[in-house]
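Asker: Let me begin by handing over the structure; questions about it come next.
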Amino acid sequence: MVGKKLLGRENALDMIDKLIRWSPGDLTEVVLRSDFTALTRFAKNYIHQNVAESDYRVTVRVIFGKKIGSATTNSLDDDSLKEAVEDAAAIAKLQPPNEEFEGLPEPEPLPDVNCFVPETDSFSAKDRAAAVKEVVEVAKERGFEASGAFSTRSAELAVGNSRGVRAYNASTYAALSTVMAGGDGTGYAEASGRDVREIRPGEVARVARDKCAMAQNPVSVPPGEYEVVLEPLAVADLLDYLGRAGFSALAVREGRSFLAGKLGQKLFDEKFTMWDDGLDPRGFPIPFDLEGVPKRKVMLVENGVAKGLVYDYATAKREGKKSTGHGGFRGWGPVPANLFMGEGTATLEEMIRSTKRGILVTRFHYTNMAHPLKVLITGMTRDGTFLIEDGRITKAVKNFRFTESALRVFSTLDMIGREAVRVERTVVPAVRVPAFNFTGVTEF
Amino acid sequence: MKELTRKALDVVKELGASYGDIRIVETRTQTIRTRNGNVDALSSTRSKGFGVRVLYDGAWGFSSSSTLTEDEVVRVAKEAVEIARASATVKRDKDVVLSPVKPVVSKWASAVKTDPFSVKTEDKIALLLEADRLMAGCKEVKVRIGSMACQREDKIFASTEGSYIEQTKIETGAGIEATAADRGELQRRSYPTSFGGNWATAGYEIVEQMRLLDHAERVSREAVELLSAKQCPSGVMDVIIESSQLALQIHESCGHPIELDRVLGQEASYAGTSFLTPEKLGTFQYGSEEVTITADATLPRGLGSFGFDDEGVPAQRVTIVDKGIFKNYLTSRETAHELGQVSNGAMRADGWNRIPIIRMTNISLEPGDWTLDEMIKDTKEGILVATNKSWSIDDKRLNFQFGTEIAWEIKDGSLGAMLKNPTYTGITYEFWRSCDAVAGKDEWELWGLPNCGKGEPGQLAHVGHGASPARFRRVKVGVGKW
């Protein structure tokens, strides 16, 4: 990318030092981010949008006693930074004390995690176009049309506070996704990682192409309760809801989580294990959270038993615990953001063979929480939905709407795939569930 | 600023771009959030930067930066052309052609009675904390939230075709909500609507008109009452939808499928396409005769109002559905050309670092001649649903499902018991064809949604929807196992 200006550790931490020096507050926290994103978007086998962005963002929180003011600027000149400190200080003074404020974390040793891959950082518009061309060529072989996006990102995150926290990380990100359309079917595939070289456009394209080829001539099957085999993209969607709805220590404390009063109980199938690990390179590792606290692996469910919760600094301090490195989301409380689900022993083929009459789901679309305590989710299937009869895929089907509880899915699943794959920040295998509620069907 | 815009446009022209534009955007936002008696967030955010968009060899390129210097403007302008060159290596079989627009030199500013930035922050906090106190009466209420925000956006648009447009837009929004939980049940009520309340292109006067304090105790009480309310029944029955929920129904099932970029496949990989394909234009029966829907970017206070879109096309009022018949899309200069039309001005970008894409303006159901009372009296068996809780729709915008915070039974023309967890589902055109009553202009309200997601990288648009309560016959309600 032309003209990119990563600040570097020294400059970023110097800027944080400067802001803390300027602050009149009893306590001060600074979060500094730089973001260089480039994205090439394609539709119907041609590039139709192609963009680049260079931005910085500095957020300073100035605290007097328990009064907190926050100001953000994206200009790095001294005048703008001073203005941000003054703004934050001025608005802090205007408010009553926040009795729930528990202070700022102290420094801790940070894990050494390499999140930056120079080859991703230097990936150019030409490189992205070449990758898109590869995808398009695969689509054209079958007369299909490819749509999708190839993006790369270089970013910096630096966190500092007046108690001595100084954390800096530079990271890269790359992702390719494509929907292939042809005839009356569509297919989807994606890949992402910190290293752009892990993304093989031809392979991604072929998976989407093969799905699209299989998805032809879909028939309408009535909604109802079916056995399902959920591929990893679909599992990740449900697991993310489960994590967000249940495993925040603040949500449990406020009675908003299904885990309130149930920690330590067996709530899920004994084959089901999930954890949060911000340091595992199979996901998107990052050494610390937005409060500068190191990421810690948290076992959330072990063999079906609810084991742990994620904490930020404030919720941990209130309960006499240590932050797990899941902070910085302010009013939302701590959030598990790097979920892993334990693998099983089955192959996808074995799950299909074990299904008498069921549905194979490639992925879900536009999911939403209908009831948070029940983790009742609704959404559509998309880009490859198939009928399984007597242990084999017999035909493509028109897309279903589902209305189902993620609690029920993970407490009744009977087979788990032996290979977990990365779906953005979540690493999951495929699963088989004996009964899943499809509540509607659409016209395609 | 004029010098910087001229510099960018000169650079792209020298490099051979057939078209170029630059937007310089500065936004200032103040956000206040109270939570359980405390000021949970009080922040001031400033963002400024510029984006340069070019057509080179018939393909698009865009680059942007937060550093507003001449050197950076030159670098970014060159990068935009370089990116467009890369786009041209995987090009369509024909070049992008822009439908014509008359170059404009103009200034526009939204109407504001009370500049929200001039109102004392202490007063705003005091209002939200008083609402919080009023919601605190019930022990089952676990989370009380009040939110208020205001934003000022100053934007300059200049193009190689000679336009130079300066616009200033001020928006304000506020709302309250209470979440109650007890014995395995959790329910929420909010006012004036959910997910951050109502927003408008207006000043602090909109907050004053909301009268948050008059509604705080009711919101809290209803959240608690919902905990022990009857479960919404499952079945097929008549549904009357209150104005704010109908706004979201319009948003998802009309606003998105009329975006011509979606229709032409440009969003296929992400949000999807549309069932409203071009051969349906002018003939398709989208709804019943009661259903007339407009897109109006000139609507006073509309969150989707502006002077000119981000291609320099003037704000317009367009009929989308006329007495049930689908008449028009929302278009851009590029997509309008595909249909032999000119743009109706729906291109907007989420700030300086995003390209404009087709966005809703203010998409509204025009008022009918019923009243809500008349509709209830005229309904033998059904439910009245209010305030959105969840939403979902397929990638062609046909099969939808909504959940609302609350509903009431209707039996033999009277409102009955409160119902919890109401949901309803349907197929877009079947649903709108079943609309047989729309309330009149006295009950018509304008809603602002500040969080309409679309595009990659993601963009959030501020859009508006006007609606009065309406009735739909034989709708599937109470979906799923509760």
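If you're wondering about the labels, chains in the structure tokens are A, B, ... by order shown, residues count from 1 in each chain, ligands from 1 in order shown.
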Using DSSP assignments from the backbone, pull out every residue in stretch 341-461 of chain B that falls under strand (DSSP E or B) and give it to me as a PyMOL selection string.
Answerer: chain B and resi 347-348+357-358+362-365+370+381-393+399-411+414-420+423-427+435-439+445-454+459-461
Asker: Set the cut-off to 6 Å and count only C-alpha atoms: what are the residues of chain A that reach chain B? Output as a VMD selection string.
Answerer: chain A and resid 43 46 to 47 50 to 55 69 to 74 94 98 125 to 126 129 147 to 148 179 254 366 370 379 to 380 403 442
Asker: For stretch 6-11 of chain A, find every residue with an atom within 8 Å (counting only C-alpha atoms), except residues of its own chain fewer than 6 positions away, and show them as a PyMOL selection string.
Answerer: chain A and resi 34+155-156+168-170
Asker: Output the selection as a PDB file, in the first residue's frame - N, CA and C atoms for each residue.
Answerer:
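Contents of part_26.pdb, freshly written:
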ATOM      1  N   SER A  34      -4.167   2.828  14.922  1.00  0.00           N
ATOM      2  CA  SER A  34      -4.012   3.237  13.530  1.00  0.00           C
ATOM      3  C   SER A  34      -4.581   2.123  12.661  1.00  0.00           C
ATOM      4  N   ALA A 155      -2.760  -2.706  11.242  1.00  0.00           N
ATOM      5  CA  ALA A 155      -3.312  -1.901  12.327  1.00  0.00           C
ATOM      6  C   ALA A 155      -2.352  -1.857  13.502  1.00  0.00           C
ATOM      7  N   GLU A 156      -2.507  -0.835  14.298  1.00  0.00           N
ATOM      8  CA  GLU A 156      -1.763  -0.752  15.553  1.00  0.00           C
ATOM      9  C   GLU A 156      -2.755  -0.476  16.677  1.00  0.00           C
ATOM     10  N   TYR A 168       1.612  -2.274  23.430  1.00  0.00           N
ATOM     11  CA  TYR A 168       1.630  -1.934  21.997  1.00  0.00           C
ATOM     12  C   TYR A 168       1.574  -3.222  21.186  1.00  0.00           C
ATOM     13  N   ASN A 169       0.781  -3.187  20.133  1.00  0.00           N
ATOM     14  CA  ASN A 169       0.728  -4.328  19.225  1.00  0.00           C
ATOM     15  C   ASN A 169       0.463  -3.847  17.804  1.00  0.00           C
ATOM     16  N   ALA A 170       1.207  -4.427  16.857  1.00  0.00           N
ATOM     17  CA  ALA A 170       0.920  -4.185  15.442  1.00  0.00           C
ATOM     18  C   ALA A 170       0.403  -5.488  14.865  1.00  0.00           C
TER      19      ALA A 170
END
Asker: Just checking: using only C-alpha atoms, which residue out of B:Phe472, B:Tyr329, B:Phe157, B:Tyr204 ends up closest to B:Phe308?
Answerer: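 Smallest distance to B:Phe308 is found for B:Phe157.
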Asker: Quick one: pull the distance between atom CA of A:Trp22 and atom CA of A:Lys82, Å, one decimal.
Answerer: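 Pair atom CA of A:Trp22 / atom CA of A:Lys82 returns 7.3 Å.
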Asker: With only C-alpha atoms as the basis for distance, which of B:Ser99, B:Ser220, B:Gln249, B:Thr69 is at the shortest distance from B:Arg333?
Answerer: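 That would be B:Ser99, the residue with the smallest distance to B:Arg333.
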Asker: Using only C-alpha atoms, determine which residues lie at most 6 Å from B:Gly175, disregarding the query and same-chain residues fewer than 3 positions distant; provide the list as an MDAnalysis selection string.
Answerer: chainID B and resid 146:147 191 196:197
Asker: Can you pull out the residues contacting B:Glu338? Cut-off 12 Å, using only C-alpha atoms, and skip same-chain residues under 5 positions away; I want them as JSON, numbers by chain.
Answerer: {"B": [94, 95, 96, 97, 98, 99, 260, 261, 263, 264, 278, 331, 332, 333, 343]}
Asker: Let's have the selection written as a short mmCIF file (atom, residue, chain, number, x, y, z; two decimals), in the first residue's frame, with N, CA and C atoms.
Answerer:
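Wrote part_22.cif, looks like this:
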data_model
loop_
_atom_site.label_atom_id
_atom_site.label_comp_id
_atom_site.auth_asym_id
_atom_site.auth_seq_id
_atom_site.Cartn_x
_atom_site.Cartn_y
_atom_site.Cartn_z
N LYS B 94 -18.10 -3.77 -20.23
CA LYS B 94 -18.28 -2.37 -20.65
C LYS B 94 -17.85 -1.44 -19.53
N ASP B 95 -17.47 -0.23 -19.92
CA ASP B 95 -17.00 0.73 -18.91
C ASP B 95 -18.15 1.26 -18.06
N VAL B 96 -17.79 1.71 -16.87
CA VAL B 96 -18.78 2.42 -16.04
C VAL B 96 -19.15 3.72 -16.75
N VAL B 97 -20.45 3.98 -16.87
CA VAL B 97 -20.92 5.25 -17.44
C VAL B 97 -21.82 5.91 -16.39
N LEU B 98 -21.61 7.18 -16.17
CA LEU B 98 -22.41 7.92 -15.19
C LEU B 98 -23.53 8.66 -15.90
N SER B 99 -24.75 8.51 -15.39
CA SER B 99 -25.83 9.31 -15.95
C SER B 99 -25.54 10.79 -15.63
N LEU B 260 -30.96 -0.03 -6.04
CA LEU B 260 -30.67 -0.59 -7.36
C LEU B 260 -29.30 -1.28 -7.40
N ASP B 261 -28.35 -0.88 -6.54
CA ASP B 261 -27.07 -1.60 -6.54
C ASP B 261 -27.26 -3.05 -6.10
N VAL B 263 -30.06 -4.74 -6.48
CA VAL B 263 -30.81 -5.38 -7.56
C VAL B 263 -29.85 -5.84 -8.66
N LEU B 264 -28.82 -5.01 -8.94
CA LEU B 264 -27.89 -5.33 -10.02
C LEU B 264 -26.75 -6.25 -9.56
N PRO B 278 -35.56 -5.94 -12.27
CA PRO B 278 -36.00 -4.83 -13.14
C PRO B 278 -37.26 -5.09 -13.96
N THR B 331 -31.58 5.14 -6.71
CA THR B 331 -30.53 4.97 -7.72
C THR B 331 -29.31 5.87 -7.50
N SER B 332 -28.25 5.51 -8.20
CA SER B 332 -27.02 6.31 -8.26
C SER B 332 -26.81 6.72 -9.72
N ARG B 333 -25.78 7.48 -9.98
CA ARG B 333 -25.51 7.88 -11.37
C ARG B 333 -25.15 6.66 -12.21
N SER B 343 -29.98 9.65 -12.07
CA SER B 343 -29.99 9.34 -10.64
C SER B 343 -31.08 10.11 -9.90
#
Asker: Taking the backbone alone, and naming residues the way the document does, which bits of stretch 273-344 of chain B are helix (DSSP H, G or I) by DSSP, as a ChimeraX atom specification?
Answerer: /B:278-280,333-338
Asker: Neighbours of A:Glu350 within 10 Å (only C-alpha atoms; same-chain residues fewer than 4 positions away dropped), as a VMD selection string?
Answerer: chain A and resid 345 to 346 354 to 355 391 to 392 415 417 432
Asker: Fewer than 2 positions away in the same chain doesn't count, so skip those; otherwise give me all residues within 8 Å of B:Ala297, counting only C-alpha atoms, as a list in words.
Answerer: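 Here the answer would be Ala295, Leu299, Gly302, Gly304, Ser305, Phe306, Gly307, Ala315, Gln316, Arg317, Thr361 and Asn362 of chain B.
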Asker: What does the distance between atom CA of B:Ala470 and atom CA of B:Leu226 come to in Å, to one decimal place?
Answerer: 23.6 Å
Asker: What is the distance between atom CA of A:Phe444 and atom CA of A:Glu225, in Å to one decimal?
Answerer: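 Interatomic distance here is 19.8 Å.
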Asker: Point out the residue among A:Asn114, A:Thr59, A:Thr394, A:Ser80 with the least atom-to-atom distance to A:Arg357, counting only C-alpha atoms.
Answerer: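 Of A:Asn114, A:Thr59, A:Thr394, A:Ser80, the one nearest A:Arg357, counting only C-alpha atoms, is A:Thr394.
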Asker: Go through B:Glu161, B:Asp309, B:Glu405, B:Glu171 and flag the residue nearest B:Glu205, using only C-alpha atoms for the distances.
Answerer: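 Once distances to B:Glu205 are computed over only C-alpha atoms, the minimum belongs to B:Glu171.
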